[in-house]
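So this one's input-v4.tsv, TSV, C-alpha atoms:
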chain	number	residue	atom	x	y	z
A	1	ALA	CA	127.04	85.91	127.21
A	2	GLN	CA	125.32	88.98	128.46
A	3	SER	CA	125.17	89.95	132.12
A	4	VAL	CA	123.52	92.55	134.31
A	5	THR	CA	124.79	94.37	137.39
A	6	GLN	CA	122.41	96.26	139.64
A	7	LEU	CA	124.23	98.62	141.97
A	8	GLY	CA	122.76	98.51	145.45
A	9	SER	CA	120.64	95.67	146.75
A	10	HIS	CA	118.57	98.02	148.91
A	11	VAL	CA	117.47	101.59	148.33
A	12	SER	CA	115.51	103.64	150.84
A	13	VAL	CA	113.81	106.87	149.78
A	14	SER	CA	111.41	109.31	151.35
A	15	GLU	CA	107.94	109.65	149.93
A	16	GLY	CA	108.06	112.34	147.23
A	17	ALA	CA	111.81	111.97	146.66
A	18	LEU	CA	113.58	110.85	143.51
A	19	VAL	CA	113.95	107.14	142.95
A	20	LEU	CA	117.12	106.13	141.10
A	21	LEU	CA	117.98	102.48	140.50
A	22	ARG	CA	121.21	101.72	138.66
A	23	CYS	CA	121.73	99.01	136.09
A	24	ASN	CA	124.78	98.26	133.97
A	25	TYR	CA	124.92	95.52	131.39
A	26	SER	CA	127.40	93.75	129.22
A	27	SER	CA	126.47	92.49	125.81
A	28	SER	CA	128.37	91.88	122.63
A	29	VAL	CA	125.54	93.25	120.49
A	30	PRO	CA	122.94	95.97	120.94
A	31	PRO	CA	120.72	94.48	123.61
A	32	TYR	CA	117.10	94.42	124.53
A	33	LEU	CA	116.79	95.90	128.02
A	34	PHE	CA	113.98	95.62	130.52
A	35	TRP	CA	112.95	96.68	134.00
A	36	TYR	CA	110.55	94.49	135.93
A	37	VAL	CA	108.94	95.01	139.33
A	38	GLN	CA	107.98	92.32	141.82
A	39	TYR	CA	105.59	92.99	144.67
A	40	PRO	CA	105.57	90.62	147.67
A	41	ASN	CA	104.23	87.15	146.89
A	42	GLN	CA	103.64	88.02	143.26
A	43	GLY	CA	105.26	87.39	139.91
A	44	LEU	CA	107.15	90.03	137.97
A	45	GLN	CA	105.49	92.80	136.01
A	46	LEU	CA	107.09	94.69	133.14
A	47	LEU	CA	107.75	98.37	133.88
A	48	LEU	CA	109.38	99.29	130.60
A	49	LYS	CA	111.61	97.99	127.83
A	50	TYR	CA	114.17	99.29	125.36
A	51	THR	CA	114.55	97.62	121.99
A	52	THR	CA	115.57	100.23	119.43
A	53	GLY	CA	114.92	103.89	118.76
A	54	ALA	CA	114.46	106.54	121.42
A	55	THR	CA	116.92	106.12	124.26
A	56	LEU	CA	114.59	107.56	126.89
A	57	VAL	CA	111.91	105.02	127.60
A	58	LYS	CA	108.76	105.78	129.54
A	59	GLY	CA	107.02	103.04	131.45
A	60	ILE	CA	104.11	102.50	133.74
A	61	ASN	CA	103.54	104.14	137.12
A	62	GLY	CA	105.66	107.18	136.25
A	63	PHE	CA	108.94	105.30	135.78
A	64	GLU	CA	111.37	105.95	132.97
A	65	ALA	CA	114.82	104.71	131.99
A	66	GLU	CA	117.56	106.00	129.73
A	67	PHE	CA	119.68	103.75	127.55
A	68	LYS	CA	123.26	105.02	127.42
A	69	LYS	CA	125.30	102.88	125.09
A	70	SER	CA	128.61	104.62	125.88
A	71	GLU	CA	128.13	103.85	129.58
A	72	THR	CA	126.41	100.49	129.04
A	73	SER	CA	123.76	101.63	131.48
A	74	PHE	CA	120.01	101.55	131.75
A	75	HIS	CA	119.17	103.36	134.98
A	76	LEU	CA	115.57	103.56	136.20
A	77	THR	CA	114.14	106.74	137.67
A	78	LYS	CA	110.93	108.13	139.06
A	79	PRO	CA	110.75	111.80	140.04
A	80	SER	CA	108.54	111.37	143.10
A	81	ALA	CA	108.31	108.16	145.12
A	82	HIS	CA	105.00	106.86	146.36
A	83	MET	CA	104.42	104.36	149.13
A	84	SER	CA	103.09	101.94	146.54
A	85	ASP	CA	106.51	101.88	144.85
A	86	ALA	CA	107.90	99.70	147.63
A	87	ALA	CA	108.87	96.50	145.85
A	88	GLU	CA	111.82	94.68	144.31
A	89	TYR	CA	113.05	95.86	140.93
A	90	PHE	CA	114.92	93.78	138.39
A	91	CYS	CA	116.91	94.91	135.39
A	92	ALA	CA	117.17	92.35	132.57
A	93	VAL	CA	119.03	92.06	129.29
A	94	SER	CA	118.79	89.71	126.35
A	95	GLY	CA	121.51	89.24	123.83
A	96	PRO	CA	122.43	87.16	120.82
A	97	ASP	CA	121.61	83.87	122.55
A	98	TYR	CA	118.04	85.07	123.16
A	99	LYS	CA	118.30	84.23	126.85
A	100	LEU	CA	117.01	86.75	129.32
A	101	SER	CA	119.47	87.50	132.12
A	102	PHE	CA	118.24	89.24	135.25
A	103	GLY	CA	120.15	91.35	137.70
A	104	ALA	CA	120.19	90.45	141.38
A	105	GLY	CA	117.42	92.91	142.14
A	106	THR	CA	117.10	96.10	144.18
A	107	THR	CA	114.61	96.31	147.01
A	108	VAL	CA	113.04	99.73	147.39
A	109	THR	CA	111.56	100.90	150.66
A	110	VAL	CA	109.67	104.17	150.88
A	111	ARG	CA	109.67	106.15	154.11
A	112	ALA	CA	106.64	108.21	155.02
B	1	LYS	CA	91.51	88.15	130.34
B	2	ALA	CA	92.97	85.52	132.65
B	3	GLY	CA	96.62	85.84	133.55
B	4	VAL	CA	99.30	83.18	133.77
B	5	THR	CA	98.19	80.44	136.15
B	6	GLN	CA	100.63	78.27	138.03
B	7	THR	CA	99.76	75.24	140.10
B	8	PRO	CA	100.35	74.30	142.78
B	9	ARG	CA	101.18	77.56	144.55
B	10	TYR	CA	102.92	75.89	147.46
B	11	LEU	CA	104.31	72.43	147.95
B	12	ILE	CA	106.62	70.57	150.29
B	13	LYS	CA	108.68	67.59	149.21
B	14	THR	CA	111.48	65.54	150.68
B	15	ARG	CA	114.90	64.89	149.22
B	16	GLY	CA	114.91	62.29	146.47
B	17	GLN	CA	111.30	62.84	145.46
B	18	GLN	CA	110.22	64.35	142.19
B	19	VAL	CA	107.86	67.21	141.49
B	20	THR	CA	105.82	68.44	138.55
B	21	LEU	CA	104.76	72.07	138.23
B	22	SER	CA	102.14	73.29	135.82
B	23	CYS	CA	101.73	76.57	133.95
B	24	SER	CA	98.80	77.78	131.87
B	25	PRO	CA	99.77	80.80	129.74
B	26	ILE	CA	97.60	83.69	128.77
B	27	SER	CA	95.21	82.73	126.00
B	28	GLY	CA	96.88	83.22	122.64
B	29	HIS	CA	100.41	83.19	124.02
B	30	ARG	CA	102.49	80.41	122.52
B	31	SER	CA	105.81	81.02	124.25
B	32	VAL	CA	106.37	79.83	127.81
B	33	SER	CA	109.54	80.23	129.83
B	34	TRP	CA	110.50	79.08	133.29
B	35	TYR	CA	112.70	80.72	135.92
B	36	GLN	CA	114.03	79.69	139.31
B	37	GLN	CA	114.16	82.41	141.95
B	38	THR	CA	116.21	82.00	145.12
B	39	PRO	CA	117.58	84.55	147.60
B	40	GLY	CA	121.14	83.52	146.82
B	41	GLN	CA	121.10	83.12	143.05
B	42	GLY	CA	118.32	85.49	142.10
B	43	LEU	CA	116.34	84.79	138.94
B	44	GLN	CA	117.82	82.14	136.72
B	45	PHE	CA	116.51	81.03	133.36
B	46	LEU	CA	115.53	77.39	133.14
B	47	PHE	CA	114.05	76.86	129.69
B	48	GLU	CA	111.75	78.26	127.05
B	49	TYR	CA	109.18	76.58	124.84
B	50	PHE	CA	107.38	77.67	121.70
B	51	SER	CA	104.89	75.50	119.83
B	52	GLU	CA	105.83	72.43	121.85
B	53	THR	CA	109.55	72.82	121.04
B	54	GLN	CA	112.24	73.74	123.50
B	55	ARG	CA	113.82	76.86	122.06
B	56	ASN	CA	116.37	77.61	124.72
B	57	LYS	CA	117.79	76.12	127.88
B	58	GLY	CA	119.62	77.48	130.88
B	59	ASN	CA	122.49	75.96	132.81
B	60	PHE	CA	120.65	73.50	135.00
B	61	PRO	CA	121.31	69.78	135.45
B	62	GLY	CA	119.34	67.17	133.57
B	63	ARG	CA	117.15	66.62	136.64
B	64	PHE	CA	115.25	69.68	135.46
B	65	SER	CA	113.07	69.06	132.45
B	66	GLY	CA	110.01	70.53	130.86
B	67	ARG	CA	107.55	70.19	128.07
B	68	GLN	CA	104.81	72.10	126.34
B	69	PHE	CA	101.53	70.75	125.10
B	70	SER	CA	99.58	71.60	121.97
B	71	ASN	CA	97.36	74.00	123.94
B	72	SER	CA	100.53	75.87	125.05
B	73	ARG	CA	100.24	74.71	128.64
B	74	SER	CA	103.60	73.77	130.06
B	75	GLU	CA	104.94	71.57	132.80
B	76	MET	CA	108.33	71.37	134.40
B	77	ASN	CA	109.63	68.41	136.32
B	78	VAL	CA	112.42	68.13	138.84
B	79	SER	CA	113.57	64.64	139.70
B	80	THR	CA	115.65	63.46	142.63
B	81	LEU	CA	115.03	66.63	144.58
B	82	GLU	CA	117.86	68.24	146.53
B	83	LEU	CA	117.67	70.75	149.35
B	84	GLY	CA	119.06	73.40	147.00
B	85	ASP	CA	116.06	73.03	144.73
B	86	SER	CA	113.95	74.91	147.27
B	87	ALA	CA	112.89	78.01	145.38
B	88	LEU	CA	110.11	80.00	143.81
B	89	TYR	CA	109.56	78.68	140.29
B	90	LEU	CA	108.13	81.31	137.99
B	91	CYS	CA	106.48	80.72	134.66
B	92	ALA	CA	106.06	83.47	132.09
B	93	SER	CA	104.26	83.63	128.78
B	94	SER	CA	104.67	85.94	125.82
B	95	ARG	CA	103.11	86.51	122.44
B	96	GLY	CA	106.18	86.20	120.28
B	97	GLN	CA	108.36	83.30	119.29
B	98	THR	CA	111.01	84.18	121.80
B	99	ALA	CA	110.42	85.48	125.28
B	100	SER	CA	113.63	87.46	125.38
B	101	THR	CA	112.60	90.30	123.08
B	102	GLY	CA	109.10	91.00	124.20
B	103	GLU	CA	107.05	91.51	127.28
B	104	LEU	CA	106.86	88.60	129.67
B	105	PHE	CA	103.71	88.02	131.68
B	106	PHE	CA	104.56	86.18	134.88
B	107	GLY	CA	102.49	83.92	137.06
B	108	GLU	CA	102.61	84.18	140.83
B	109	GLY	CA	104.93	81.20	141.05
B	110	SER	CA	105.08	77.81	142.68
B	111	ARG	CA	106.98	77.84	145.94
B	112	LEU	CA	108.78	74.54	146.44
B	113	THR	CA	110.27	73.58	149.78
B	114	VAL	CA	112.50	70.52	149.92
B	115	LEU	CA	113.06	69.00	153.36
Would you write out, as structure tokens, the structure that this file holds?
Amino acid sequence: AQSVTQLGSHVSVSEGALVLLRCNYSSSVPPYLFWYVQYPNQGLQLLLKYTTGATLVKGINGFEAEFKKSETSFHLTKPSAHMSDAAEYFCAVSGPDYKLSFGAGTTVTVRA
Amino acid sequence: KAGVTQTPRYLIKTRGQQVTLSCSPISGHRSVSWYQQTPGQGLQFLFEYFSETQRNKGNFPGRFSGRQFSNSRSEMNVSTLELGDSALYLCASSRGQTASTGELFFGEGSRLTVL
């Protein structure tokens, strides 16, 4: 079965600084990879997804992620943090059993 | 275009009772999946339905069940509630036959508290 590890349950960044959220996965086959964001008292919203093709994936709100097969990673970045980026971020992977497995989540706080 | 609608948004039950949660997917979406979100366990997959058929199931006891109707609306039921069932239950819909390869559209969730 596939699994996801998100390094760091909390990340604090200054407004305008780089946001880097780390995600490593395990899967026996090339996976589908996703990043979702959850704002307080809301459901999850898809930021971006990797299925096949280009390893650098661009998403909404200026986020992007790079699929690195050799490192089994799918880290999420945003060059310049905005106050509105404060939320919880989830990395997810699906594998041969077609079940979506989520990481534990990383809460991002943005300092003014 | 209306989003995924979950009802009720909040509910309080006592141990031993049962609860039914409802989910209306986005119009045209035929796949519905359910997740349990808790601070300790995070997001855990419950089950997935497509065209009224359960396509996949997570590792939850038989007290957790679900179904999907011909209009794609889905319900999940938890019987004999336990304190540990307190959680945010999220429903998601997607266009494709399986939720795990496409974009999921989530509702705001039903927050269940078991006393």
Spatial neighbours of region 12-17 of chain A, max dist 8 Å, all atoms listed in the file, sep filter under 5 positions, as JSON, numbers by chain = {"A": [79, 80, 81, 82, 83, 108, 109, 110, 111, 112]}
Write the residues of the selection above to a file with C-alpha atoms, as a compact mmCIF listing (two decimals), keeping the file's coordinate frame.
# COMPACT_ATOMS: atom_id res chain seq x y z
CA PRO A 79 110.75 111.80 140.04
CA SER A 80 108.54 111.37 143.10
CA ALA A 81 108.31 108.16 145.12
CA HIS A 82 105.00 106.86 146.36
CA MET A 83 104.42 104.36 149.13
CA VAL A 108 113.04 99.73 147.39
CA THR A 109 111.56 100.90 150.66
CA VAL A 110 109.67 104.17 150.88
CA ARG A 111 109.67 106.15 154.11
CA ALA A 112 106.64 108.21 155.02
So that each row is one residue of chain B with an atom at most 10 Å from chain A, can you give its shortest atom pair and the distance in Å to one decimal, using all atoms listed in the file, rows by chain and rising number, as JSON lines?
{"residue": "B:Val4", "atom": "CA", "partner": "A:Gly43", "partner_atom": "CA", "distance": 9.5}
{"residue": "B:Ser33", "atom": "CA", "partner": "A:Leu100", "partner_atom": "CA", "distance": 9.9}
{"residue": "B:Tyr35", "atom": "CA", "partner": "A:Leu100", "partner_atom": "CA", "distance": 9.9}
{"residue": "B:Pro39", "atom": "CA", "partner": "A:Ala104", "partner_atom": "CA", "distance": 9.0}
{"residue": "B:Gly40", "atom": "CA", "partner": "A:Ala104", "partner_atom": "CA", "distance": 8.9}
{"residue": "B:Gln41", "atom": "CA", "partner": "A:Ala104", "partner_atom": "CA", "distance": 7.6}
{"residue": "B:Gly42", "atom": "CA", "partner": "A:Ala104", "partner_atom": "CA", "distance": 5.3}
{"residue": "B:Leu43", "atom": "CA", "partner": "A:Phe102", "partner_atom": "CA", "distance": 6.1}
{"residue": "B:Gln44", "atom": "CA", "partner": "A:Ser101", "partner_atom": "CA", "distance": 7.3}
{"residue": "B:Phe45", "atom": "CA", "partner": "A:Leu100", "partner_atom": "CA", "distance": 7.0}
{"residue": "B:Leu46", "atom": "CA", "partner": "A:Lys99", "partner_atom": "CA", "distance": 9.7}
{"residue": "B:Phe47", "atom": "CA", "partner": "A:Lys99", "partner_atom": "CA", "distance": 9.0}
{"residue": "B:Glu48", "atom": "CA", "partner": "A:Lys99", "partner_atom": "CA", "distance": 8.9}
{"residue": "B:Arg55", "atom": "CA", "partner": "A:Tyr98", "partner_atom": "CA", "distance": 9.3}
{"residue": "B:Asn56", "atom": "CA", "partner": "A:Lys99", "partner_atom": "CA", "distance": 7.2}
{"residue": "B:Lys57", "atom": "CA", "partner": "A:Lys99", "partner_atom": "CA", "distance": 8.2}
{"residue": "B:Gly58", "atom": "CA", "partner": "A:Lys99", "partner_atom": "CA", "distance": 8.0}
{"residue": "B:Leu88", "atom": "CA", "partner": "A:Gly43", "partner_atom": "CA", "distance": 9.7}
{"residue": "B:Tyr89", "atom": "CA", "partner": "A:Gly43", "partner_atom": "CA", "distance": 9.7}
{"residue": "B:Leu90", "atom": "CA", "partner": "A:Gly43", "partner_atom": "CA", "distance": 7.0}
{"residue": "B:Cys91", "atom": "CA", "partner": "A:Gly43", "partner_atom": "CA", "distance": 8.6}
{"residue": "B:Ala92", "atom": "CA", "partner": "A:Gly43", "partner_atom": "CA", "distance": 8.8}
{"residue": "B:Thr98", "atom": "CA", "partner": "A:Tyr98", "partner_atom": "CA", "distance": 7.2}
{"residue": "B:Ala99", "atom": "CA", "partner": "A:Leu100", "partner_atom": "CA", "distance": 7.8}
{"residue": "B:Ser100", "atom": "CA", "partner": "A:Leu100", "partner_atom": "CA", "distance": 5.2}
{"residue": "B:Thr101", "atom": "CA", "partner": "A:Tyr32", "partner_atom": "CA", "distance": 6.3}
{"residue": "B:Gly102", "atom": "CA", "partner": "A:Lys49", "partner_atom": "CA", "distance": 8.3}
{"residue": "B:Glu103", "atom": "CA", "partner": "A:Leu46", "partner_atom": "CA", "distance": 6.7}
{"residue": "B:Leu104", "atom": "CA", "partner": "A:Leu46", "partner_atom": "CA", "distance": 7.0}
{"residue": "B:Phe105", "atom": "CA", "partner": "A:Gln45", "partner_atom": "CA", "distance": 6.7}
{"residue": "B:Phe106", "atom": "CA", "partner": "A:Gly43", "partner_atom": "CA", "distance": 5.2}
{"residue": "B:Gly107", "atom": "CA", "partner": "A:Gly43", "partner_atom": "CA", "distance": 5.3}
{"residue": "B:Glu108", "atom": "CA", "partner": "A:Gly43", "partner_atom": "CA", "distance": 4.3}
{"residue": "B:Gly109", "atom": "CA", "partner": "A:Gly43", "partner_atom": "CA", "distance": 6.3}
{"residue": "B:Ser110", "atom": "CA", "partner": "A:Gly43", "partner_atom": "CA", "distance": 10.0}
{"residue": "B:Arg111", "atom": "CA", "partner": "A:Asn41", "partner_atom": "CA", "distance": 9.8}
Write out as a ChimeraX atom specification the residues lying within 10 Å of Ser73 (chain A), counting all atoms listed in the file and excluding same-chain residues fewer than 3 positions away.
-> /A:4-6,22-26,33,65-70,76
Kindly give the distance, in Å, that separates CA of Lys78 (chain A) and CA of Gln37 (chain B), rounded to a single decimal.
->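 Interatomic distance, CA of Lys78 (chain A) to CA of Gln37 (chain B): 26.1 Å.
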CA of Asn61 (chain A) and CA of Glu88 (chain A) are how many Å apart?
->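 Atom-to-atom, CA of Asn61 (chain A) to CA of Glu88 (chain A), that is 14.5 Å.
Candidate residues B:Val32, B:Phe60, B:Thr20, B:Ser51 were compared for distance to Ser79 (chain B), and the nearest is B:Thr20, using all atoms listed in the file.
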Hey, can you check how far CA of Gln36 (chain B) sits from CA of Val19 (chain B)?
->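 Pair CA of Gln36 (chain B) / CA of Val19 (chain B) returns 14.1 Å.
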Smallest atom-to-atom distance to Tyr10 (chain B): which of B:Thr38, B:Ser86, B:Ser94, B:Ser24, using only C-alpha atoms?
->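 Using only C-alpha atoms, the shortest distance to Tyr10 (chain B) belongs to B:Ser86.
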Using all atoms listed in the file, the shortest atom-to-atom distance to Thr113 (chain B) among B:Met76, B:Leu21, B:Ile12, B:Ala2 belongs to B:Ile12
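With all atoms listed in the file as the basis for measurement, B:Gln17 is the residue among B:Ser27, B:Asn59, B:Ser93, B:Gln17 that approaches Val78 (chain B) most closely.
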Option closest in space to Ser74 (chain B), from B:Gly3, B:Gly16, B:Pro25, B:Pro8 [counting all atoms listed in the file] | B:Pro25
